[in-house]
Every structure is written in structure tokens, then in C-alpha cells.
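Following: one structure in C-alpha cells, then a few remarks.
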Amino acid sequence: MIQTILLKKRPKGKPTLSDFEFLKEEKDLSVQEGEILLEATYISVDPYLRGRMSDAKSYIPPFEIGKPITSGVVAKVIASKNDKFKQGDYVSGMMDWKTQQVSKGEGLLKINKDLAPLSAYLGILGMTGLTAYCGLTQIGKPQAGETLVVSGAAGAVGSVVGQIGKILGLYVVGIAGTDEKVAMLTSDFGFDHAINYNTTEDMGTALKTACPDGIDIYFDNVGGPISDAVLFNINKFARMIICGAISVYNNTEIPKSISVQPFLVKNSALMQGFIVSNYSEKFPEAMKQLSTWLAEDKLTYTETTVEGFENTPQAFLDLFEGKNKGKMIVKV
Ligand SMILES: NC(=O)c1ccc[n+]([C@@H]2O[C@H](COP(=O)([O-])OP(=O)(O)OC[C@H]3O[C@@H](n4cnc5c(N)ncnc54)[C@H](OP(=O)(O)O)[C@@H]3O)[C@@H](O)[C@H]2O)c1
């Protein structure tokens, strides 16, 4: 039996399970010349998928109603008529939310399960690790001794950003949503300081206290009021790396934010958004560096694993409730 998860309707505000549709088909898939048959092993759920569920103009086309959702997937090749892949290989790449699917292999990367656990290729050695590395190094241009603040710090991207910051000699402050996450940032990931935004009334003052030398680099995963508070504490020539804005992804109205311009002018500061694929030419270097730091135990990671293909939509919804620590992964 093949199971598929489709987009049933475009969410209004926060997505719900009723926005997804499950399809079960009793059929056997076969491969033609040049094709491979893939069985999903791990599925990545990511905040950016929320954007693709809406039909607003973006850097990537929206999902179509009645068609499968796609995201990063690690899959096993279970049949092959393609010279580049053999039965038993594992691959990662963008695939449909299906338990099995046929592919021509285009855009798929063969991965080595002896080098790292398979799920790591969706996280630290996948899109979120590359995002952390490329965003911080290419836009942040970190210099040892500077102060880095990371929001969404206990998530997939944020937890790697903070650790890279430490490796590069920065003073690192993380912002996350629970006491448990805040404790994890300093004890497991080596952050110098962490702030729970849900229990802190005045984030501006908390950041001022946590960053006595001001903020040189801000890696922003969340946007909204947390990021507004950062602006009051930036230094001259600060770099603000705008990676994501999960706090406003489900907004139905344009959020009211403070004007950034005076802060940027006063501080000759840079604010730059990016999409990880902007830096695709850096991926080989990034992968090599991340793998080396992992092997040297300079970098670590955590995952929240949800069991069962049918729980993929719920795992996605849980990202907006902060239920994950590190990368949210579905084990099929
Ligand atoms: N630009 C790119 O190419 C690129 C690539 C990958 C990811 N991203 C973006 O980077 C960000 C992080 O992605 P990720 O995959 O690493 O996800 P993640 O951080 O692992 O998971 C999402 C986290 O966001 C936090 N969150 C949820 N609602 C929030 C709110 N209202 N205010 C503040 N925090 C909230 C939650 O943590 P708490 O418990 O701490 O609230 C949750 O665990 C997202 O905005 C994503 O869209 C961008």
C-alpha cells in the first residue's frame, strides 16, 4: 500500500490537520529504464513549508491543492533501472510526502550511512546545517570576540548557528521559548547565555544585560517583537542576518513592527535576508567544514523524532508550538 499526504486547502492563519488529506492506494510501483523506486525513511518538516501552503508570491512556487506536499526526504532505493543508483543505496533530496515513489534520480544525493546517521542529512548535514553555516559566515562575517545573538536558538538552524559562533570565537547569546531549551543551549551547546522570551517581560533590557558589549551580529529566525528588541542593542556596523520569521508566518494581517531605518542609519548597520540556495556554490565547503567539526566533536546536534508517516502533518504543526528541540524529523 502506498500512502500520500496532499494539500487539501490553503490554511488561514495557523495551519491545522484539516488542511491536509491522506490518500491510501493498493498498488505496486514498478520502474522503467532510468528510474528508481524509493521508500521514504525520514521526512523533514520545516517552517518554510508554511509559505508554500499559501499562494502568495515567494521565492519558490506554492504547493498545489490536491497535490502531494514535498520536502527534504531521506529514502532507500528498493529497485533501480538507473546506472547511478543501486538497490540498497540511501539518497536525500526533495521528494513527495509518499511512503514510496518513483524517481529519475534528478537532484538526489547519494548519502553514506556509515559517515553519519541518516537523519543527520536532513539537519546538520542537510539544509538547516547549510543555512546556519552560510548565513553566519557569508552575511555575518564574524570576527573573534564579537557578540552574536541567535533567535530560535534551540531549533535546527539556531542551535548550529550558536555552536559555529562559539567555534569562531564569538560571545553567543541564544533566545528560545522554554526554560528547558534555555538550559540546553548553555549546557549542551556551549552558548554563553540564553534567554527565555516567554518568561522575559522586557527583552530589550534582558539583551542589554546579556550582551554588555552590545550586539555585533544577529541571526534572526523568528522576526516580530523579539527582533525589534535586538535593534535597541546593536553596535555600529552590526550585521543582521534575516533567515526566517516564524513568529509572523501564520499572521493574517501585516504585522506592526517598529521602523528599522533609524537603527540601521545610526549604526551603519546591515540587515540582509537570504535563502540558503543563494550560497549553493559554498555547499561543498560548508559540508566539509560541518562534517569535520562533527567528527572532531566540536559540533553536536539534537533531533526531535516523530514516529510514523501519518504523523507528518502533526510534526509540522508542532514546529509552531515549539515542540521540537533541534531538528524536527519524521521517522516513517
Ligand atoms: N532562509 C533560509 O534559507 C532558511 C532555511 C531554513 C530555515 N529558515 C528559517 O529559519 C527559521 C528556523 O527554521 P528551523 O528549521 O531551524 O526551525 P526550528 O527552529 O527547528 O523550529 C521552529 C522553532 O521556532 C520557534 N517558534 C515557533 N513559533 C514562534 C514564535 N511565535 N516566536 C518565536 N519563536 C517561535 C519554536 O521554538 P521556541 O520554543 O524557542 O519558540 C520552534 O521550535 C525559520 O524561520 C525558517 O523558516 C530559513
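Every chain in the C-alpha cells takes a letter, A first, then B, and so on in the order presented; its residues are numbered from 1, and the ligands are numbered from 1 following the presented order.
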Show which residues sit within 10 Å of Leu319 of chain A, as a PyMOL selection string. Count only C-alpha atoms, and ignore same-chain residues fewer than 3 positions away.
chain A and resi 45-47+155+246+314-316+322-325+327-328
With N, CA, C and O atoms retained, write the just-selected residues as a compact mmCIF listing (two decimals), in the first residue's frame.
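And here's out28.txt as it stands now:
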# COMPACT_ATOMS: atom_id res chain seq x y z
N VAL A 45 10.30 18.08 8.29
CA VAL A 45 9.25 19.10 8.32
C VAL A 45 9.92 20.42 8.70
O VAL A 45 10.78 20.46 9.58
N ASP A 46 9.55 21.48 7.99
CA ASP A 46 10.26 22.76 8.11
C ASP A 46 9.29 23.92 8.11
O ASP A 46 8.30 23.90 7.36
N PRO A 47 9.61 24.98 8.88
CA PRO A 47 8.71 26.14 8.92
C PRO A 47 8.43 26.75 7.55
O PRO A 47 7.34 27.24 7.30
N GLY A 155 16.38 25.60 17.93
CA GLY A 155 15.88 24.85 16.78
C GLY A 155 17.00 24.33 15.90
O GLY A 155 18.18 24.41 16.26
N ILE A 246 9.47 33.05 11.79
CA ILE A 246 8.39 32.10 12.12
C ILE A 246 7.28 32.74 12.96
O ILE A 246 6.13 32.34 12.86
N GLN A 314 1.20 16.56 11.73
CA GLN A 314 1.22 17.00 13.13
C GLN A 314 2.62 17.47 13.52
O GLN A 314 2.77 18.48 14.23
N ALA A 315 3.63 16.75 13.07
CA ALA A 315 5.01 17.17 13.37
C ALA A 315 5.26 18.56 12.79
O ALA A 315 5.89 19.41 13.45
N PHE A 316 4.75 18.82 11.61
CA PHE A 316 4.89 20.15 11.00
C PHE A 316 4.18 21.20 11.86
O PHE A 316 4.75 22.25 12.19
N GLY A 322 6.60 25.15 19.15
CA GLY A 322 7.91 25.00 19.80
C GLY A 322 8.11 23.63 20.41
O GLY A 322 8.88 23.49 21.37
N LYS A 323 7.47 22.59 19.85
CA LYS A 323 7.58 21.27 20.49
C LYS A 323 8.89 20.56 20.15
O LYS A 323 9.17 19.51 20.73
N ASN A 324 9.64 21.11 19.21
CA ASN A 324 10.91 20.46 18.84
C ASN A 324 12.08 21.08 19.57
O ASN A 324 12.11 22.27 19.86
N LYS A 325 13.09 20.18 19.81
CA LYS A 325 14.42 20.65 20.21
C LYS A 325 15.34 20.21 19.09
O LYS A 325 15.34 19.03 18.71
N LYS A 327 16.44 19.59 15.28
CA LYS A 327 15.71 19.34 14.02
C LYS A 327 14.48 18.45 14.25
O LYS A 327 14.57 17.41 14.87
N MET A 328 13.37 18.88 13.72
CA MET A 328 12.14 18.07 13.76
C MET A 328 12.16 17.11 12.57
O MET A 328 12.24 17.55 11.41
Item to complete: Run DSSP on the backbone of this structure and report the residues of segment 153-247 of chain A it assigns to alpha helix (DSSP H), as a PyMOL selection string.
Response: chain A and resi 156-167+179-187+203-210+224-231
Could you give me, as a PDB file with N, CA and C atoms, in the first residue's frame, every polymer residue with an atom at most 7 Å away from an atom of ligand 1, counting only C-alpha atoms and all ligand atoms?
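Listed below is the output, selection.pdb:
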ATOM      1  N   ASP A  46       9.552  21.485   7.990  1.00  0.00           N
ATOM      2  CA  ASP A  46      10.265  22.762   8.109  1.00  0.00           C
ATOM      3  C   ASP A  46       9.286  23.922   8.114  1.00  0.00           C
ATOM      4  N   PRO A  47       9.607  24.976   8.880  1.00  0.00           N
ATOM      5  CA  PRO A  47       8.713  26.139   8.925  1.00  0.00           C
ATOM      6  C   PRO A  47       8.429  26.750   7.549  1.00  0.00           C
ATOM      7  N   TYR A  48       9.426  26.707   6.624  1.00  0.00           N
ATOM      8  CA  TYR A  48       9.209  27.378   5.321  1.00  0.00           C
ATOM      9  C   TYR A  48       8.080  26.736   4.518  1.00  0.00           C
ATOM     10  N   MET A 127      19.910  20.734   4.804  1.00  0.00           N
ATOM     11  CA  MET A 127      19.534  22.125   4.517  1.00  0.00           C
ATOM     12  C   MET A 127      19.732  23.050   5.725  1.00  0.00           C
ATOM     13  N   THR A 128      19.352  22.581   6.922  1.00  0.00           N
ATOM     14  CA  THR A 128      19.418  23.519   8.053  1.00  0.00           C
ATOM     15  C   THR A 128      20.867  23.787   8.494  1.00  0.00           C
ATOM     16  N   THR A 131      22.245  26.209   6.011  1.00  0.00           N
ATOM     17  CA  THR A 131      21.673  27.546   6.252  1.00  0.00           C
ATOM     18  C   THR A 131      22.440  28.246   7.374  1.00  0.00           C
ATOM     19  N   GLY A 152      15.329  31.787  17.914  1.00  0.00           N
ATOM     20  CA  GLY A 152      15.024  30.411  17.504  1.00  0.00           C
ATOM     21  C   GLY A 152      16.225  29.531  17.792  1.00  0.00           C
ATOM     22  N   ALA A 153      16.908  29.843  18.906  1.00  0.00           N
ATOM     23  CA  ALA A 153      18.253  29.290  19.123  1.00  0.00           C
ATOM     24  C   ALA A 153      18.266  27.791  19.400  1.00  0.00           C
ATOM     25  N   ALA A 154      17.161  27.241  19.893  1.00  0.00           N
ATOM     26  CA  ALA A 154      17.155  25.807  20.230  1.00  0.00           C
ATOM     27  C   ALA A 154      16.642  24.954  19.078  1.00  0.00           C
ATOM     28  N   GLY A 155      16.378  25.595  17.934  1.00  0.00           N
ATOM     29  CA  GLY A 155      15.879  24.847  16.783  1.00  0.00           C
ATOM     30  C   GLY A 155      17.002  24.327  15.903  1.00  0.00           C
ATOM     31  N   ALA A 156      16.611  23.799  14.745  1.00  0.00           N
ATOM     32  CA  ALA A 156      17.568  23.141  13.854  1.00  0.00           C
ATOM     33  C   ALA A 156      18.647  24.115  13.379  1.00  0.00           C
ATOM     34  N   VAL A 157      18.247  25.251  12.856  1.00  0.00           N
ATOM     35  CA  VAL A 157      19.227  26.222  12.352  1.00  0.00           C
ATOM     36  C   VAL A 157      19.933  26.904  13.527  1.00  0.00           C
ATOM     37  N   GLY A 158      19.128  27.414  14.476  1.00  0.00           N
ATOM     38  CA  GLY A 158      19.680  28.228  15.562  1.00  0.00           C
ATOM     39  C   GLY A 158      20.716  27.508  16.401  1.00  0.00           C
ATOM     40  N   ILE A 175      18.187  32.900  22.176  1.00  0.00           N
ATOM     41  CA  ILE A 175      16.829  33.207  22.641  1.00  0.00           C
ATOM     42  C   ILE A 175      15.943  32.027  22.265  1.00  0.00           C
ATOM     43  N   ALA A 176      15.220  31.472  23.260  1.00  0.00           N
ATOM     44  CA  ALA A 176      14.345  30.324  22.982  1.00  0.00           C
ATOM     45  C   ALA A 176      13.131  30.404  23.907  1.00  0.00           C
ATOM     46  N   GLY A 177      12.179  29.461  23.713  1.00  0.00           N
ATOM     47  CA  GLY A 177      10.866  29.612  24.317  1.00  0.00           C
ATOM     48  C   GLY A 177      10.564  28.852  25.594  1.00  0.00           C
ATOM     49  N   THR A 178      11.483  28.028  26.089  1.00  0.00           N
ATOM     50  CA  THR A 178      11.210  27.337  27.368  1.00  0.00           C
ATOM     51  C   THR A 178      12.487  27.317  28.222  1.00  0.00           C
ATOM     52  N   ASN A 221      15.832  34.117  13.297  1.00  0.00           N
ATOM     53  CA  ASN A 221      14.978  33.029  12.804  1.00  0.00           C
ATOM     54  C   ASN A 221      13.502  33.301  13.028  1.00  0.00           C
ATOM     55  N   VAL A 222      13.179  34.349  13.802  1.00  0.00           N
ATOM     56  CA  VAL A 222      11.792  34.464  14.266  1.00  0.00           C
ATOM     57  C   VAL A 222      11.082  35.769  13.904  1.00  0.00           C
ATOM     58  N   CYS A 243      17.129  35.214   8.467  1.00  0.00           N
ATOM     59  CA  CYS A 243      16.990  33.844   7.957  1.00  0.00           C
ATOM     60  C   CYS A 243      15.526  33.444   7.864  1.00  0.00           C
ATOM     61  N   GLY A 244      14.734  33.849   8.850  1.00  0.00           N
ATOM     62  CA  GLY A 244      13.324  33.460   8.863  1.00  0.00           C
ATOM     63  C   GLY A 244      12.548  34.330   9.826  1.00  0.00           C
ATOM     64  N   ALA A 245      11.235  34.155   9.820  1.00  0.00           N
ATOM     65  CA  ALA A 245      10.367  34.997  10.660  1.00  0.00           C
ATOM     66  C   ALA A 245       9.169  34.172  11.125  1.00  0.00           C
ATOM     67  N   ILE A 246       9.469  33.051  11.787  1.00  0.00           N
ATOM     68  CA  ILE A 246       8.392  32.102  12.116  1.00  0.00           C
ATOM     69  C   ILE A 246       7.285  32.743  12.958  1.00  0.00           C
ATOM     70  N   SER A 247       7.630  33.795  13.730  1.00  0.00           N
ATOM     71  CA  SER A 247       6.600  34.375  14.598  1.00  0.00           C
ATOM     72  C   SER A 247       5.488  35.062  13.799  1.00  0.00           C
ATOM     73  N   VAL A 248       5.719  35.321  12.528  1.00  0.00           N
ATOM     74  CA  VAL A 248       4.679  36.002  11.733  1.00  0.00           C
ATOM     75  C   VAL A 248       4.190  35.156  10.550  1.00  0.00           C
ATOM     76  N   PHE A 274      18.160  36.244   3.288  1.00  0.00           N
ATOM     77  CA  PHE A 274      18.802  35.310   2.344  1.00  0.00           C
ATOM     78  C   PHE A 274      18.014  34.013   2.271  1.00  0.00           C
ATOM     79  N   ILE A 275      18.263  33.305   1.199  1.00  0.00           N
ATOM     80  CA  ILE A 275      17.750  31.951   1.005  1.00  0.00           C
ATOM     81  C   ILE A 275      18.978  31.074   0.852  1.00  0.00           C
ATOM     82  N   VAL A 276      18.986  29.942   1.527  1.00  0.00           N
ATOM     83  CA  VAL A 276      20.215  29.134   1.564  1.00  0.00           C
ATOM     84  C   VAL A 276      20.738  28.830   0.162  1.00  0.00           C
ATOM     85  N   SER A 277      19.816  28.655  -0.784  1.00  0.00           N
ATOM     86  CA  SER A 277      20.262  28.294  -2.141  1.00  0.00           C
ATOM     87  C   SER A 277      21.054  29.420  -2.814  1.00  0.00           C
ATOM     88  N   LEU A 319       5.937  22.502  15.019  1.00  0.00           N
ATOM     89  CA  LEU A 319       7.029  23.493  14.913  1.00  0.00           C
ATOM     90  C   LEU A 319       6.559  24.858  15.405  1.00  0.00           C
ATOM     91  N   PHE A 320       5.273  25.141  15.152  1.00  0.00           N
ATOM     92  CA  PHE A 320       4.730  26.465  15.512  1.00  0.00           C
ATOM     93  C   PHE A 320       4.368  26.533  16.992  1.00  0.00           C
ATOM     94  N   GLU A 321       4.430  25.390  17.660  1.00  0.00           N
ATOM     95  CA  GLU A 321       4.184  25.343  19.112  1.00  0.00           C
ATOM     96  C   GLU A 321       5.496  25.155  19.863  1.00  0.00           C
ATOM     97  N   GLY A 322       6.599  25.154  19.145  1.00  0.00           N
ATOM     98  CA  GLY A 322       7.907  24.997  19.795  1.00  0.00           C
ATOM     99  C   GLY A 322       8.108  23.628  20.410  1.00  0.00           C
ATOM    100  N   LYS A 323       7.467  22.591  19.853  1.00  0.00           N
ATOM    101  CA  LYS A 323       7.576  21.266  20.490  1.00  0.00           C
ATOM    102  C   LYS A 323       8.887  20.555  20.154  1.00  0.00           C
ATOM    103  N   ASN A 324       9.637  21.108  19.208  1.00  0.00           N
ATOM    104  CA  ASN A 324      10.910  20.463  18.841  1.00  0.00           C
ATOM    105  C   ASN A 324      12.084  21.083  19.573  1.00  0.00           C
ATOM    106  N   LYS A 325      13.091  20.182  19.810  1.00  0.00           N
ATOM    107  CA  LYS A 325      14.421  20.654  20.207  1.00  0.00           C
ATOM    108  C   LYS A 325      15.342  20.207  19.087  1.00  0.00           C
ATOM    109  N   GLY A 326      16.082  21.117  18.514  1.00  0.00           N
ATOM    110  CA  GLY A 326      16.885  20.773  17.338  1.00  0.00           C
ATOM    111  C   GLY A 326      15.973  20.467  16.162  1.00  0.00           C
ATOM    112  N   LYS A 327      16.438  19.587  15.280  1.00  0.00           N
ATOM    113  CA  LYS A 327      15.707  19.337  14.018  1.00  0.00           C
ATOM    114  C   LYS A 327      14.483  18.450  14.246  1.00  0.00           C
ATOM    115  N   MET A 328      13.366  18.879  13.717  1.00  0.00           N
ATOM    116  CA  MET A 328      12.139  18.068  13.757  1.00  0.00           C
ATOM    117  C   MET A 328      12.157  17.113  12.568  1.00  0.00           C
TER     118      MET A 328
END
Neighbour list for Lys266 of chain A as JSON, numbers by chain, cut-off 10 Å, only C-alpha atoms, skip fewer than 5 positions in-chain: {"A": [234, 235, 236, 237, 261]}
Met184 of chain A proximity check over A:Thr302, A:Tyr133, A:Gly169, A:Glu26, using only C-alpha atoms: winner is A:Thr302
Requested in this report: For each of A:Leu115, A:Ala79, A:Met203, A:Leu130, take the minimum atom-to-atom distance to Ala229 of chain A, counting only C-alpha atoms, then give the residue where this is smallest.
Outcome: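 Looking at the shortest contact to Ala229 of chain A, the residue is A:Met203.
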| query | Counting only C-alpha atoms, what is within 12 Å of Arg50 of chain A, bar same-chain residues fewer than 6 positions away, as a ChimeraX atom specification? | reply | /A:7,10-16,19,56,58,60,62-63,69-71,244-251,313,316-317,319-320
Item to complete: Find the residues around Ile65 of chain A up to 6 Å (only C-alpha atoms counted), leave out those fewer than 2 positions away in its own chain, and share them as a count of residues only.
Response: 4
Which polymer residues have any atom within 12 Å of an atom of Thr300 of chain A, counting only C-alpha atoms, with same-chain residues fewer than 5 positions away left out, as a PyMOL selection string? chain A and resi 116+120+123-125+129+156+159-164+167+184-185+187-190+290-295+326-327
- Task: Grab the atom CA of Thr252 of chain A to atom CA of Tyr197 of chain A distance for me, in Å with one decimal place.
- Result: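 For atom CA of Thr252 of chain A relative to atom CA of Tyr197 of chain A, the distance reads 22.7 Å.
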Inset, instruction - Considering only C-alpha atoms, return as a VMD selection string whatever protein or nucleic-acid residues lie within 10 Å of Lys110 of chain A, sequence-local ones (same chain, fewer than 5 positions apart) excluded. - result: chain A and resid 74 to 77 84 to 85 89 to 93 105
Take the residues from that selection and put them in a file with N, CA, C and O atoms, as a PDB file, in the first residue's frame.
ATOM      1  N   VAL A  74      14.862  11.537   3.235  1.00  0.00           N
ATOM      2  CA  VAL A  74      15.890  10.504   3.052  1.00  0.00           C
ATOM      3  C   VAL A  74      15.153   9.218   2.691  1.00  0.00           C
ATOM      4  O   VAL A  74      14.196   8.844   3.372  1.00  0.00           O
ATOM      5  N   ALA A  75      15.578   8.582   1.601  1.00  0.00           N
ATOM      6  CA  ALA A  75      14.865   7.396   1.126  1.00  0.00           C
ATOM      7  C   ALA A  75      15.847   6.293   0.758  1.00  0.00           C
ATOM      8  O   ALA A  75      17.023   6.552   0.462  1.00  0.00           O
ATOM      9  N   LYS A  76      15.317   5.061   0.784  1.00  0.00           N
ATOM     10  CA  LYS A  76      16.125   3.900   0.396  1.00  0.00           C
ATOM     11  C   LYS A  76      15.734   3.494  -1.020  1.00  0.00           C
ATOM     12  O   LYS A  76      14.544   3.478  -1.356  1.00  0.00           O
ATOM     13  N   VAL A  77      16.737   3.188  -1.826  1.00  0.00           N
ATOM     14  CA  VAL A  77      16.460   2.709  -3.181  1.00  0.00           C
ATOM     15  C   VAL A  77      16.072   1.234  -3.070  1.00  0.00           C
ATOM     16  O   VAL A  77      16.875   0.407  -2.623  1.00  0.00           O
ATOM     17  N   LYS A  84      23.168   5.116 -11.969  1.00  0.00           N
ATOM     18  CA  LYS A  84      23.788   5.919 -10.898  1.00  0.00           C
ATOM     19  C   LYS A  84      23.397   5.424  -9.506  1.00  0.00           C
ATOM     20  O   LYS A  84      24.007   5.818  -8.511  1.00  0.00           O
ATOM     21  N   PHE A  85      22.358   4.613  -9.409  1.00  0.00           N
ATOM     22  CA  PHE A  85      21.880   4.179  -8.086  1.00  0.00           C
ATOM     23  C   PHE A  85      21.676   2.662  -8.101  1.00  0.00           C
ATOM     24  O   PHE A  85      21.218   2.106  -9.099  1.00  0.00           O
ATOM     25  N   ASP A  89      20.992   1.588  -1.828  1.00  0.00           N
ATOM     26  CA  ASP A  89      21.556   2.932  -1.623  1.00  0.00           C
ATOM     27  C   ASP A  89      20.563   3.787  -0.842  1.00  0.00           C
ATOM     28  O   ASP A  89      19.344   3.575  -0.930  1.00  0.00           O
ATOM     29  N   TYR A  90      21.104   4.760  -0.118  1.00  0.00           N
ATOM     30  CA  TYR A  90      20.245   5.784   0.503  1.00  0.00           C
ATOM     31  C   TYR A  90      20.484   7.110  -0.208  1.00  0.00           C
ATOM     32  O   TYR A  90      21.631   7.424  -0.577  1.00  0.00           O
ATOM     33  N   VAL A  91      19.413   7.857  -0.408  1.00  0.00           N
ATOM     34  CA  VAL A  91      19.524   9.159  -1.082  1.00  0.00           C
ATOM     35  C   VAL A  91      18.782  10.214  -0.267  1.00  0.00           C
ATOM     36  O   VAL A  91      17.874   9.891   0.515  1.00  0.00           O
ATOM     37  N   SER A  92      19.179  11.468  -0.463  1.00  0.00           N
ATOM     38  CA  SER A  92      18.392  12.560   0.121  1.00  0.00           C
ATOM     39  C   SER A  92      18.085  13.570  -0.979  1.00  0.00           C
ATOM     40  O   SER A  92      18.817  13.663  -1.968  1.00  0.00           O
ATOM     41  N   GLY A  93      17.002  14.280  -0.806  1.00  0.00           N
ATOM     42  CA  GLY A  93      16.601  15.283  -1.789  1.00  0.00           C
ATOM     43  C   GLY A  93      15.151  15.665  -1.571  1.00  0.00           C
ATOM     44  O   GLY A  93      14.512  15.201  -0.624  1.00  0.00           O
ATOM     45  N   GLY A 105      15.886  10.182 -10.382  1.00  0.00           N
ATOM     46  CA  GLY A 105      17.136  10.389  -9.649  1.00  0.00           C
ATOM     47  C   GLY A 105      17.671  11.803  -9.745  1.00  0.00           C
ATOM     48  O   GLY A 105      18.683  12.132  -9.128  1.00  0.00           O
TER      49      GLY A 105
END
task: For atom CA of Lys208 of chain A and atom CA of Ser151 of chain A, quote the distance in Å rounded to one decimal.
output: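 So the answer is 15.0 Å.
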### Message
Run DSSP on the backbone and tell me which residues of segment 100-180 of chain A come out as strand (DSSP E); list them as an NGL selection string.
### Response
:A and (100-103 or 109-111 or 147-151 or 171-176)
Q.
My list of candidates is A:Thr205, A:Thr41, A:Gln87, A:Ser119. Which is closest to Glu303 of chain A when distances are computed with only C-alpha atoms?
A.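 The closest residue to Glu303 of chain A is A:Ser119.
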